[in-house]
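Asker: Got a file for you: input.cif, mmCIF, C-alpha atoms.
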data_work
#
loop_
_atom_site.label_atom_id
_atom_site.label_comp_id
_atom_site.auth_asym_id
_atom_site.auth_seq_id
_atom_site.Cartn_x
_atom_site.Cartn_y
_atom_site.Cartn_z
CA MET A 1 2.75 -0.53 -6.46
CA LYS A 2 2.39 2.69 -4.49
CA ARG A 3 4.10 3.18 -1.18
CA ASN A 4 2.61 4.98 1.79
CA VAL A 5 4.37 7.49 4.06
CA VAL A 6 5.68 4.83 6.45
CA GLU A 7 7.09 2.76 3.60
CA TRP A 8 8.81 5.76 2.02
CA ALA A 9 10.27 6.73 5.41
CA VAL A 10 11.61 3.21 6.03
CA LEU A 11 13.03 3.08 2.50
CA ALA A 12 14.77 6.45 2.99
CA LEU A 13 16.15 5.33 6.36
CA SER A 14 17.36 2.07 4.82
CA ILE A 15 19.18 3.79 1.96
CA LEU A 16 20.74 6.21 4.45
CA ALA A 17 21.86 3.33 6.69
CA ILE A 18 23.37 1.37 3.77
CA THR A 19 25.15 4.43 2.36
CA THR A 20 26.56 5.34 5.77
CA LEU A 21 27.80 1.80 6.45
CA VAL A 22 29.42 1.37 3.03
CA ALA A 23 30.99 4.85 3.24
CA ALA A 24 32.34 4.13 6.73
CA LEU A 25 33.91 0.84 5.61
CA VAL A 26 35.44 2.35 2.46
CA ILE A 27 36.73 5.54 4.10
CA GLU A 28 38.19 3.66 7.07
CA GLY A 29 39.58 0.98 4.77
CA LEU A 30 41.32 3.41 2.45
CA SER A 31 42.64 5.77 5.11
CA GLU A 32 46.23 5.44 6.26
CA ARG A 33 46.64 2.89 9.01
CA ARG A 34 48.92 3.51 11.93
CA PRO A 35 50.58 0.38 13.37
CA ALA A 36 49.39 -0.99 16.70
CA ASN A 37 50.60 1.12 19.61
CA PRO A 38 49.49 0.10 23.10
CA THR A 39 49.93 2.80 25.77
CA VAL A 40 49.21 2.75 29.49
CA GLU A 41 47.80 5.50 31.67
CA LEU A 42 48.25 4.88 35.38
CA LYS A 43 45.45 6.20 37.59
CA THR A 44 47.54 6.96 40.66
CA ALA A 45 44.77 9.05 42.20
CA GLU A 46 42.51 5.98 42.26
CA ALA A 47 45.11 3.64 43.83
CA ARG A 48 43.87 1.86 46.95
CA LEU A 49 44.86 -0.74 49.50
CA GLY A 50 43.03 -4.04 48.85
CA ALA A 51 42.86 -7.29 50.82
CA LEU A 52 45.81 -8.75 48.89
CA GLY A 53 47.92 -5.67 48.35
CA TRP A 54 48.12 -2.22 46.86
CA ILE A 55 45.98 -1.89 43.75
CA LEU A 56 46.83 0.58 41.01
CA PRO A 57 44.13 0.97 38.31
CA ALA A 58 45.26 1.78 34.77
CA THR A 59 43.86 2.10 31.28
CA VAL A 60 45.52 0.36 28.34
CA THR A 61 44.79 2.12 25.04
CA ASN A 62 45.68 1.12 21.51
CA GLU A 63 46.52 4.32 19.64
CA GLY A 64 47.14 2.45 16.40
CA ASP A 65 44.74 1.28 13.69
CA ALA A 66 45.52 -2.43 13.95
CA ALA A 67 44.13 -4.72 16.62
CA VAL A 68 46.53 -6.77 18.75
CA GLU A 69 46.22 -9.86 20.92
CA ALA A 70 47.93 -11.02 24.11
CA VAL A 71 49.30 -7.64 25.14
CA ILE A 72 51.63 -8.29 28.09
CA LEU A 73 52.52 -5.39 30.39
CA GLU A 74 54.94 -5.28 33.29
CA ALA A 75 54.88 -2.68 36.07
CA GLU A 76 57.91 -2.19 38.29
CA ALA A 77 58.30 -0.33 41.60
CA THR A 78 60.25 -0.40 44.85
CA VAL A 79 58.29 -1.84 47.76
CA ASP A 80 59.89 -2.00 51.23
CA GLY A 81 63.32 -1.41 49.68
CA GLU A 82 63.02 -4.23 47.14
CA LEU A 83 62.20 -4.13 43.46
CA GLU A 84 58.81 -5.70 42.79
CA THR A 85 57.09 -6.40 39.47
CA SER A 86 53.46 -6.85 38.52
CA GLU A 87 52.58 -8.45 35.18
CA LEU A 88 49.26 -8.70 33.37
CA GLU A 89 47.93 -9.70 29.97
CA VAL A 90 45.18 -8.08 27.90
CA PRO A 91 43.76 -10.84 25.64
CA PHE A 92 42.45 -8.56 22.86
CA LEU A 93 42.94 -4.87 22.24
CA PRO A 94 41.03 -3.46 19.25
CA ALA A 95 42.34 -0.50 17.30
CA ALA A 96 41.57 2.78 19.04
CA GLY A 97 40.14 0.65 21.84
CA SER A 98 40.93 0.73 25.53
CA VAL A 99 40.69 -1.69 28.43
CA ASP A 100 40.66 -0.95 32.17
CA VAL A 101 43.12 -3.05 34.15
CA ALA A 102 44.83 -2.94 37.56
CA PHE A 103 48.41 -3.66 38.65
CA SER A 104 49.00 -4.90 42.15
CA PHE A 105 51.93 -4.74 44.59
CA SER A 106 52.31 -6.26 48.04
CA ALA A 107 52.30 -2.76 49.57
CA GLN A 108 52.37 0.87 48.48
CA PRO A 109 55.61 1.48 46.51
CA SER A 110 58.02 4.07 47.80
CA ASP A 111 58.86 5.39 44.35
CA GLU A 112 57.18 5.95 41.00
CA VAL A 113 55.63 2.92 39.24
CA LYS A 114 57.21 2.30 35.84
CA VAL A 115 55.34 0.33 33.17
CA ARG A 116 56.84 -1.33 30.13
CA LEU A 117 55.33 -3.25 27.25
CA VAL A 118 56.66 -6.82 27.23
CA GLY A 119 55.06 -7.67 23.88
CA PHE A 120 51.94 -8.55 21.94
CA ARG A 121 50.75 -10.79 19.12
CA GLU A 122 49.58 -9.47 15.78
CA PRO A 123 46.53 -11.46 14.66
CA MET B 124 -2.61 -1.59 -3.66
CA ASN B 125 -1.69 1.03 -1.11
CA GLU B 126 -1.45 -0.64 2.26
CA THR B 127 -2.68 1.12 5.35
CA LEU B 128 -0.13 2.72 7.63
CA SER B 129 -0.87 0.35 10.48
CA GLN B 130 -0.43 -2.67 8.22
CA SER B 131 2.92 -1.30 7.05
CA LEU B 132 4.02 -0.79 10.63
CA ARG B 133 3.00 -4.35 11.44
CA ASP B 134 4.95 -5.63 8.41
CA TYR B 135 8.10 -3.81 9.48
CA SER B 136 7.68 -4.89 13.10
CA ARG B 137 7.44 -8.47 11.92
CA ALA B 138 10.51 -8.01 9.72
CA ALA B 139 12.46 -6.52 12.65
CA GLY B 140 11.35 -9.38 14.91
CA GLY B 141 12.38 -11.97 12.34
CA GLY B 142 15.73 -10.26 11.92
CA LEU B 143 16.35 -10.47 15.66
CA ILE B 144 15.23 -14.09 15.91
CA ILE B 145 17.57 -15.23 13.12
CA GLY B 146 20.40 -12.86 14.01
CA MET B 147 20.43 -13.32 17.79
CA PRO B 148 22.95 -16.22 17.97
CA LEU B 149 25.51 -14.29 15.93
CA LEU B 150 24.85 -11.03 17.78
CA TYR B 151 25.98 -12.92 20.90
CA THR B 152 29.05 -14.53 19.30
CA MET B 153 32.42 -13.14 20.38
CA GLU B 154 34.26 -14.49 17.34
CA VAL B 155 32.04 -12.39 15.08
CA TRP B 156 32.94 -9.20 16.99
CA PHE B 157 36.65 -10.00 16.68
CA HIS B 158 36.49 -11.02 13.01
CA ALA B 159 34.54 -7.88 12.24
CA PHE B 160 37.66 -5.96 13.06
CA LEU B 161 40.27 -8.33 11.72
CA LEU B 162 38.74 -8.86 8.26
CA PRO B 163 39.77 -6.43 5.52
CA TRP B 164 37.11 -3.86 4.74
CA TRP B 165 36.64 -5.06 1.17
CA LYS B 166 35.90 -8.61 2.33
CA LEU B 167 33.18 -7.25 4.61
CA LEU B 168 31.72 -5.32 1.67
CA LEU B 169 31.93 -8.40 -0.55
CA LEU B 170 30.09 -10.54 2.03
CA LEU B 171 27.48 -7.82 2.41
CA ALA B 172 27.06 -7.62 -1.39
CA ILE B 173 26.68 -11.40 -1.70
CA ALA B 174 24.15 -11.37 1.14
CA PHE B 175 22.25 -8.62 -0.68
CA VAL B 176 22.14 -10.64 -3.91
CA LEU B 177 20.81 -13.63 -1.97
CA VAL B 178 18.21 -11.46 -0.22
CA VAL B 179 17.10 -10.17 -3.64
CA GLY B 180 16.89 -13.77 -4.85
CA TYR B 181 14.90 -14.81 -1.83
CA ASN B 182 12.53 -11.84 -2.11
CA ALA B 183 12.07 -12.54 -5.82
CA VAL B 184 10.65 -15.94 -5.01
CA ALA B 185 9.08 -15.52 -1.61
CA GLY B 186 9.02 -11.79 -0.83
CA PHE B 187 6.20 -10.11 0.98
CA ARG B 188 5.06 -7.91 -1.88
CA ARG B 189 3.27 -9.56 -4.73
CA GLU B 190 3.09 -8.48 -8.34
CA ARG B 191 5.97 -6.05 -8.24
CA THR B 192 8.44 -4.78 -10.75
CA PHE B 193 12.17 -5.49 -10.59
CA VAL B 194 12.79 -1.97 -9.21
CA GLU B 195 10.28 -2.58 -6.43
CA LEU B 196 11.96 -5.90 -5.71
CA LEU B 197 15.31 -4.11 -5.37
CA LEU B 198 13.79 -1.42 -3.15
CA ASP B 199 12.21 -4.07 -0.88
CA SER B 200 15.57 -5.83 -0.63
CA LEU B 201 17.25 -2.52 0.22
CA VAL B 202 14.72 -2.12 3.02
CA ALA B 203 15.55 -5.61 4.34
CA LEU B 204 19.27 -4.71 4.31
CA GLY B 205 18.63 -1.28 5.85
CA LEU B 206 16.48 -2.78 8.59
CA GLY B 207 19.26 -5.31 9.19
CA ILE B 208 21.80 -2.51 9.63
CA VAL B 209 19.63 -0.50 12.02
CA ILE B 210 18.64 -3.56 14.09
CA SER B 211 22.26 -4.78 14.27
CA LEU B 212 23.47 -1.33 15.33
CA VAL B 213 20.85 -1.03 18.08
CA ALA B 214 21.43 -4.62 19.29
CA LEU B 215 25.23 -4.14 19.41
CA ILE B 216 24.79 -0.89 21.36
CA VAL B 217 22.44 -2.60 23.82
CA LEU B 218 24.94 -5.47 24.21
CA GLY B 219 27.72 -2.97 24.92
CA GLN B 220 29.72 -4.00 21.85
CA ILE B 221 29.48 -0.53 20.35
CA GLU B 222 30.22 2.20 22.86
CA PRO B 223 31.20 5.87 22.62
CA GLY B 224 34.89 4.82 22.65
CA THR B 225 34.52 2.25 19.86
CA SER B 226 36.36 3.20 16.67
CA LEU B 227 34.33 3.79 13.49
CA ARG B 228 36.09 0.88 11.75
CA ASP B 229 35.30 -1.50 14.60
CA ALA B 230 31.64 -0.43 14.76
CA ALA B 231 31.15 -0.54 10.98
CA GLY B 232 32.73 -4.00 10.76
CA LYS B 233 30.54 -5.42 13.51
CA VAL B 234 27.39 -3.94 12.00
CA ALA B 235 28.34 -5.21 8.51
CA LEU B 236 28.83 -8.81 9.63
CA GLU B 237 25.77 -8.92 11.90
CA THR B 238 23.60 -7.36 9.19
CA ILE B 239 23.92 -10.48 7.01
CA PRO B 240 21.82 -12.83 9.19
CA VAL B 241 19.56 -10.06 10.49
CA SER B 242 18.56 -8.82 7.02
CA PHE B 243 17.92 -12.39 5.96
CA GLY B 244 15.74 -12.92 9.00
CA ALA B 245 13.84 -9.75 8.14
CA SER B 246 13.13 -11.08 4.64
CA VAL B 247 12.08 -14.50 5.90
CA ALA B 248 9.80 -13.02 8.54
CA SER B 249 8.23 -10.68 6.01
CA SER B 250 7.43 -13.42 3.57
CA GLN B 251 6.88 -16.51 5.67
CA LEU B 252 5.44 -15.34 8.98
CA GLY B 253 2.87 -12.91 7.67
CA GLY B 254 -0.70 -13.62 6.89
CA LYS B 255 -0.43 -13.34 3.16
CA GLY B 256 1.07 -16.77 2.50
CA GLY B 257 2.07 -18.37 -0.75
CA SER B 258 5.02 -17.85 -3.02
CA ALA B 259 4.92 -15.00 -5.44
CA GLY B 260 4.93 -15.55 -9.12
CA SER B 261 8.39 -14.66 -10.35
CA ARG B 262 10.11 -14.25 -13.66
CA ILE B 263 13.18 -16.00 -12.30
CA PRO B 264 13.24 -19.67 -13.37
CA ARG B 265 12.18 -21.70 -10.33
CA GLY B 266 15.09 -24.11 -10.50
CA PHE B 267 17.57 -21.23 -10.43
CA ALA B 268 15.52 -19.41 -7.80
CA ARG B 269 15.74 -22.48 -5.57
CA LEU B 270 19.51 -22.40 -5.89
CA LEU B 271 19.61 -18.71 -4.93
CA VAL B 272 17.35 -19.30 -1.96
CA GLY B 273 19.34 -22.40 -1.05
CA GLY B 274 22.51 -20.31 -1.17
CA GLY B 275 20.89 -17.85 1.23
CA GLY B 276 19.97 -20.62 3.66
CA ALA B 277 23.45 -22.09 3.40
CA LEU B 278 25.04 -18.71 4.12
CA LEU B 279 22.74 -18.16 7.08
CA PHE B 280 23.44 -21.53 8.71
CA ALA B 281 27.16 -21.76 7.89
CA LEU B 282 27.73 -18.21 9.09
CA ASN B 283 26.87 -19.37 12.60
CA ILE B 284 29.86 -21.72 12.62
CA ALA B 285 32.30 -20.12 10.17
CA PRO B 286 33.82 -17.55 12.57
CA THR B 287 34.60 -20.18 15.25
CA GLU B 288 37.69 -22.37 15.58
CA GLU B 289 35.61 -25.55 15.60
CA VAL B 290 35.81 -25.55 11.80
CA ILE B 291 39.60 -25.89 11.90
CA MET B 292 39.46 -28.47 14.71
CA LEU B 293 37.05 -30.66 12.74
CA GLY B 294 38.92 -30.18 9.47
CA VAL B 295 42.37 -31.00 10.84
CA GLY B 296 41.28 -34.17 12.62
CA ALA B 297 39.23 -35.69 9.79
CA SER B 298 40.18 -38.84 7.89
CA PRO B 299 39.15 -39.33 4.21
CA LEU B 300 36.69 -42.04 5.28
CA GLN B 301 35.09 -39.69 7.80
CA LEU B 302 34.75 -37.03 5.13
CA LEU B 303 33.08 -39.46 2.76
CA GLY B 304 30.70 -40.36 5.58
CA VAL B 305 29.89 -36.67 6.15
CA VAL B 306 29.22 -36.16 2.41
CA ALA B 307 26.95 -39.22 2.26
CA ALA B 308 25.11 -38.32 5.47
CA THR B 309 24.62 -34.73 4.29
CA LEU B 310 23.21 -35.76 0.92
CA PHE B 311 20.94 -38.34 2.53
CA ALA B 312 19.71 -35.95 5.24
CA THR B 313 18.99 -33.09 2.84
CA TYR B 314 17.25 -35.42 0.36
CA VAL B 315 15.03 -36.74 3.12
CA LEU B 316 14.37 -33.24 4.50
CA VAL B 317 13.29 -31.71 1.21
CA HIS B 318 11.85 -34.58 -0.78
CA TYR B 319 10.68 -37.25 1.61
CA ALA B 320 9.79 -36.01 5.10
CA ASP B 321 6.88 -33.90 3.80
CA PHE B 322 7.53 -30.80 5.94
CA GLY B 323 4.51 -28.54 5.72
CA GLY B 324 3.09 -30.64 2.90
CA SER B 325 6.01 -29.80 0.64
CA GLY B 326 6.37 -33.42 -0.37
CA ARG B 327 3.01 -33.57 -2.05
CA ASN B 328 4.43 -31.46 -4.84
CA ARG B 329 7.56 -33.43 -5.38
CA ALA B 330 6.33 -35.12 -8.52
CA ARG B 331 5.47 -31.89 -10.29
CA GLY B 332 8.96 -30.63 -11.02
CA GLN B 333 9.25 -29.15 -14.45
CA SER B 334 12.93 -28.29 -14.84
CA ILE B 335 15.78 -30.72 -14.34
CA LEU B 336 16.94 -28.66 -11.34
CA GLU B 337 13.68 -29.46 -9.58
CA ALA B 338 13.85 -33.22 -9.87
CA PRO B 339 14.73 -34.65 -6.42
CA ILE B 340 18.22 -36.04 -7.01
CA PRO B 341 19.62 -33.20 -9.21
CA GLU B 342 17.97 -30.70 -6.85
CA THR B 343 19.67 -32.30 -3.82
CA LEU B 344 23.04 -32.44 -5.58
CA THR B 345 22.95 -28.85 -6.87
CA GLY B 346 21.79 -27.64 -3.44
CA TYR B 347 24.81 -29.40 -1.93
CA VAL B 348 27.23 -27.94 -4.46
CA VAL B 349 25.91 -24.43 -3.74
CA SER B 350 26.40 -25.12 -0.01
CA LEU B 351 30.00 -26.24 -0.57
CA LEU B 352 30.69 -23.06 -2.58
CA VAL B 353 29.21 -20.94 0.21
CA ALA B 354 31.34 -22.84 2.74
CA LEU B 355 34.46 -22.20 0.67
CA LEU B 356 33.57 -18.51 0.38
CA LEU B 357 33.19 -18.25 4.17
CA LEU B 358 36.44 -20.14 4.85
CA TRP B 359 38.24 -17.71 2.57
CA SER B 360 36.42 -14.70 4.04
CA PHE B 361 37.26 -15.63 7.61
CA GLU B 362 40.80 -16.49 6.53
CA TRP B 363 40.74 -20.08 7.79
CA SER B 364 42.10 -21.21 4.42
CA GLU B 365 45.22 -19.04 4.73
CA GLY B 366 48.25 -21.24 5.13
CA ALA B 367 46.15 -24.40 5.16
CA GLY B 368 46.92 -27.30 2.82
CA PHE B 369 44.54 -28.62 0.16
CA SER B 370 43.34 -31.56 2.25
CA ALA B 371 42.65 -29.33 5.28
CA ILE B 372 40.69 -26.84 3.15
CA LEU B 373 38.76 -29.72 1.57
CA ALA B 374 37.91 -31.17 4.99
CA MET B 375 36.86 -27.79 6.41
CA THR B 376 34.71 -27.17 3.31
CA VAL B 377 32.98 -30.54 3.72
CA TYR B 378 32.24 -29.96 7.41
CA LEU B 379 31.08 -26.37 6.98
CA GLY B 380 29.25 -27.36 3.80
CA SER B 381 27.20 -29.94 5.67
CA ILE B 382 25.82 -27.23 7.96
CA GLY B 383 25.22 -25.03 4.93
CA ALA B 384 23.46 -27.89 3.14
CA VAL B 385 20.99 -28.24 5.99
CA GLY B 386 20.40 -24.48 5.85
CA ALA B 387 19.90 -24.68 2.09
CA ALA B 388 17.42 -27.52 2.57
CA VAL B 389 15.44 -25.56 5.16
CA ALA B 390 15.40 -22.52 2.86
CA ARG B 391 14.12 -24.64 -0.03
CA LEU B 392 11.43 -26.05 2.27
CA LEU B 393 10.29 -22.49 2.96
CA LEU B 394 9.51 -22.24 -0.74
CA GLY B 395 7.03 -25.04 -0.32
CA GLY B 396 8.86 -27.71 -2.20
CA GLY B 397 9.66 -25.57 -5.20
CA GLN B 398 6.82 -26.67 -7.41
CA GLU B 399 4.08 -25.04 -5.39
CA ALA B 400 4.40 -21.64 -7.03
CA GLY B 401 3.97 -23.18 -10.41
CA ALA B 402 1.12 -25.37 -9.27
CA LYS B 403 -0.98 -22.43 -8.09
#
Translate this structure into structure tokens?

Answerer:
Amino acid sequence: MKRNVVEWAVLALSILAITTLVAALVIEGLSERRPANPTVELKTAEARLGALGWILPATVTNEGDAAVEAVILEAEATVDGELETSELEVPFLPAAGSVDVAFSFSAQPSDEVKVRLVGFREP
Amino acid sequence: MNETLSQSLRDYSRAAGGGLIIGMPLLYTMEVWFHAFLLPWWKLLLLLAIAFVLVVGYNAVAGFRRERTFVELLLDSLVALGLGIVISLVALIVLGQIEPGTSLRDAAGKVALETIPVSFGASVASSQLGGKGGSAGSRIPRGFARLLVGGGGALLFALNIAPTEEVIMLGVGASPLQLLGVVAATLFATYVLVHYADFGGSGRNRARGQSILEAPIPETLTGYVVSLLVALLLLWSFEWSEGAGFSAILAMTVYLGSIGAVGAAVARLLLGGGQEAGAK
């Protein structure tokens, strides 16, 4: 059975797609995997006063090669002379993935906001 | 016969449409996106390879090109798989599940898992929804071909449920009596579907079976066994069997296998009752 130009083109595209997918899975699978490593980047320049308090946007990034679940983060700052914390949970953080979140305080803190990783679950 | 370009384009459009129709539920399933990342790469490749074998089997019996050599059959199946990959990639990008920030491993895993139903849909649409009708003559024994096609249908249907936690919930809460009921109901339902209800006139051929695998009761039983094996494969692939006891695995296999059995029955119906090809 002879194939026409369209059929040859689709066949070539298909073989290219299959080869690329298999190569991507094998190369990524065999490469060295770094353990999960969630990091937080605070976007202080984008902080704003909302209806319920001072909102501080942030980006949580997983710099490792393993996905994690239930990433709990705690931000701490001094507000009106008292130490205040803001806690949030990211349900799923894929490897090399990032999620935009926001911490919130009752008012603008007087000092620098410190963030710590409370913990996460390895699926 | 060299088909015209426009006819080829129509064939591929139909294949792409069929791939989307069959693949859409899984393209919208969150558990599939997550599992795509959590499963080891070699399991994804294994699932893809099994899906490819089943697509080849399906195309051998009901593919859209008639009178072709084995090499042409393989090339057509590669096209179905390739179309599945491209359609899955585009759909996942449109759905925002593959973005510029998505890692290569994440993207490849999602595309690999979604390609399974989409490539199957492309094959089905090419062979069943076109205007050329009829099952192709094939060198594969029809009884065995029905099992392969049944396995494809089972994989397609069970794959819709396998990534979700419902499988565990059903399996953990089941009593032995309930499981026996599920087995009996599944066998009865699939027997009626394929050999009694006369979908699309398939029943009119039921008396013409030539091999033992095509006689109604052995055909129903072997179809069910293939479905149970597919269910077990998926439970292992999606790691639901890890840490589970024998009775839990058995129960999950029975529940997932019942969905697979219905899929296998529908796939066998698409062949026109199995004896049609031989009757023509």

Asker: Considering only C-alpha atoms, return as a JSON list (two decimals) with C-alpha atoms, keeping the file's coordinate frame whatever protein or nucleic-acid residues lie within 7 Å of stretch 160-167 of chain B, sequence-local ones (same chain, fewer than 2 positions apart) excluded.

Answerer:
[["chain", "number", "residue", "atom", "x", "y", "z"],
["A", 25, "LEU", "CA", 33.91, 0.84, 5.61],
["A", 26, "VAL", "CA", 35.44, 2.35, 2.46],
["A", 29, "GLY", "CA", 39.58, 0.98, 4.77],
["B", 156, "TRP", "CA", 32.94, -9.20, 16.99],
["B", 157, "PHE", "CA", 36.65, -10.00, 16.68],
["B", 158, "HIS", "CA", 36.49, -11.02, 13.01],
["B", 169, "LEU", "CA", 31.93, -8.40, -0.55],
["B", 170, "LEU", "CA", 30.09, -10.54, 2.03],
["B", 171, "LEU", "CA", 27.48, -7.82, 2.41],
["B", 229, "ASP", "CA", 35.30, -1.50, 14.60],
["B", 232, "GLY", "CA", 32.73, -4.00, 10.76],
["B", 235, "ALA", "CA", 28.34, -5.21, 8.51],
["B", 236, "LEU", "CA", 28.83, -8.81, 9.63],
["B", 360, "SER", "CA", 36.42, -14.70, 4.04],
["B", 361, "PHE", "CA", 37.26, -15.63, 7.61]]

Asker: Hey, can you check how far atom CA of B:Ser370 sits from atom CA of B:Ala297?

Answerer: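 Spanning atom CA of B:Ser370 to atom CA of B:Ala297 is a straight-line distance of 9.5 Å.
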
Asker: Can you work out which residues from chain B touch chain A at a cut-off of 6 Å (counting all atoms listed in the file) and hand them back as a list in words?

Answerer: Asn125, Trp164, Val202, Gly205, Ser226 and Arg228 of chain B

Asker: Could you check how far atom CA of B:Thr192 sits from atom CA of B:Ser211, in Å to one decimal?

Answerer: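 Value for the atom CA of B:Thr192-atom CA of B:Ser211 distance: 28.6 Å.
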
Asker: Provide the atom CA of B:Pro286 to atom CA of B:Leu358 distance in Å, to one decimal place.

Answerer: 8.6 Å

Asker: Would it be fine to have stretch 242-249 of chain B, with all heavy atoms, given as a compact mmCIF listing (two decimals), in the first residue's frame?

Answerer:
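For reference, out-v8.txt as written:
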# COMPACT_ATOMS: atom_id res chain seq x y z
N SER B 242 -4.73 7.48 22.08
CA SER B 242 -4.31 6.72 20.90
C SER B 242 -5.31 5.60 20.60
O SER B 242 -5.57 5.26 19.45
CB SER B 242 -2.91 6.16 21.09
OG SER B 242 -2.85 5.34 22.22
N PHE B 243 -5.89 5.05 21.67
CA PHE B 243 -6.92 4.04 21.46
C PHE B 243 -8.14 4.64 20.77
O PHE B 243 -8.71 4.06 19.84
CB PHE B 243 -7.34 3.45 22.81
CG PHE B 243 -7.17 1.98 22.85
CD1 PHE B 243 -6.02 1.43 23.37
CD2 PHE B 243 -8.13 1.15 22.31
CE1 PHE B 243 -5.83 0.07 23.36
CE2 PHE B 243 -7.94 -0.21 22.30
CZ PHE B 243 -6.79 -0.76 22.84
N GLY B 244 -8.52 5.82 21.25
CA GLY B 244 -9.65 6.51 20.63
C GLY B 244 -9.39 6.81 19.17
O GLY B 244 -10.29 6.70 18.32
N ALA B 245 -8.15 7.16 18.85
CA ALA B 245 -7.79 7.45 17.46
C ALA B 245 -7.96 6.20 16.60
O ALA B 245 -8.49 6.26 15.49
CB ALA B 245 -6.34 7.95 17.39
N SER B 246 -7.55 5.05 17.13
CA SER B 246 -7.70 3.80 16.39
C SER B 246 -9.16 3.44 16.19
O SER B 246 -9.58 3.05 15.10
CB SER B 246 -7.02 2.64 17.14
OG SER B 246 -5.64 2.75 17.03
N VAL B 247 -9.93 3.58 17.28
CA VAL B 247 -11.35 3.22 17.20
C VAL B 247 -12.06 4.12 16.18
O VAL B 247 -12.82 3.65 15.33
CB VAL B 247 -12.02 3.35 18.59
CG1 VAL B 247 -13.53 3.18 18.47
CG2 VAL B 247 -11.45 2.31 19.54
N ALA B 248 -11.77 5.43 16.26
CA ALA B 248 -12.43 6.36 15.35
C ALA B 248 -12.04 6.06 13.91
O ALA B 248 -12.87 6.15 13.00
CB ALA B 248 -12.05 7.79 15.71
N SER B 249 -10.80 5.70 13.69
CA SER B 249 -10.33 5.43 12.34
C SER B 249 -11.06 4.23 11.74
O SER B 249 -11.42 4.22 10.58
CB SER B 249 -8.84 5.14 12.34
OG SER B 249 -8.14 6.26 12.78
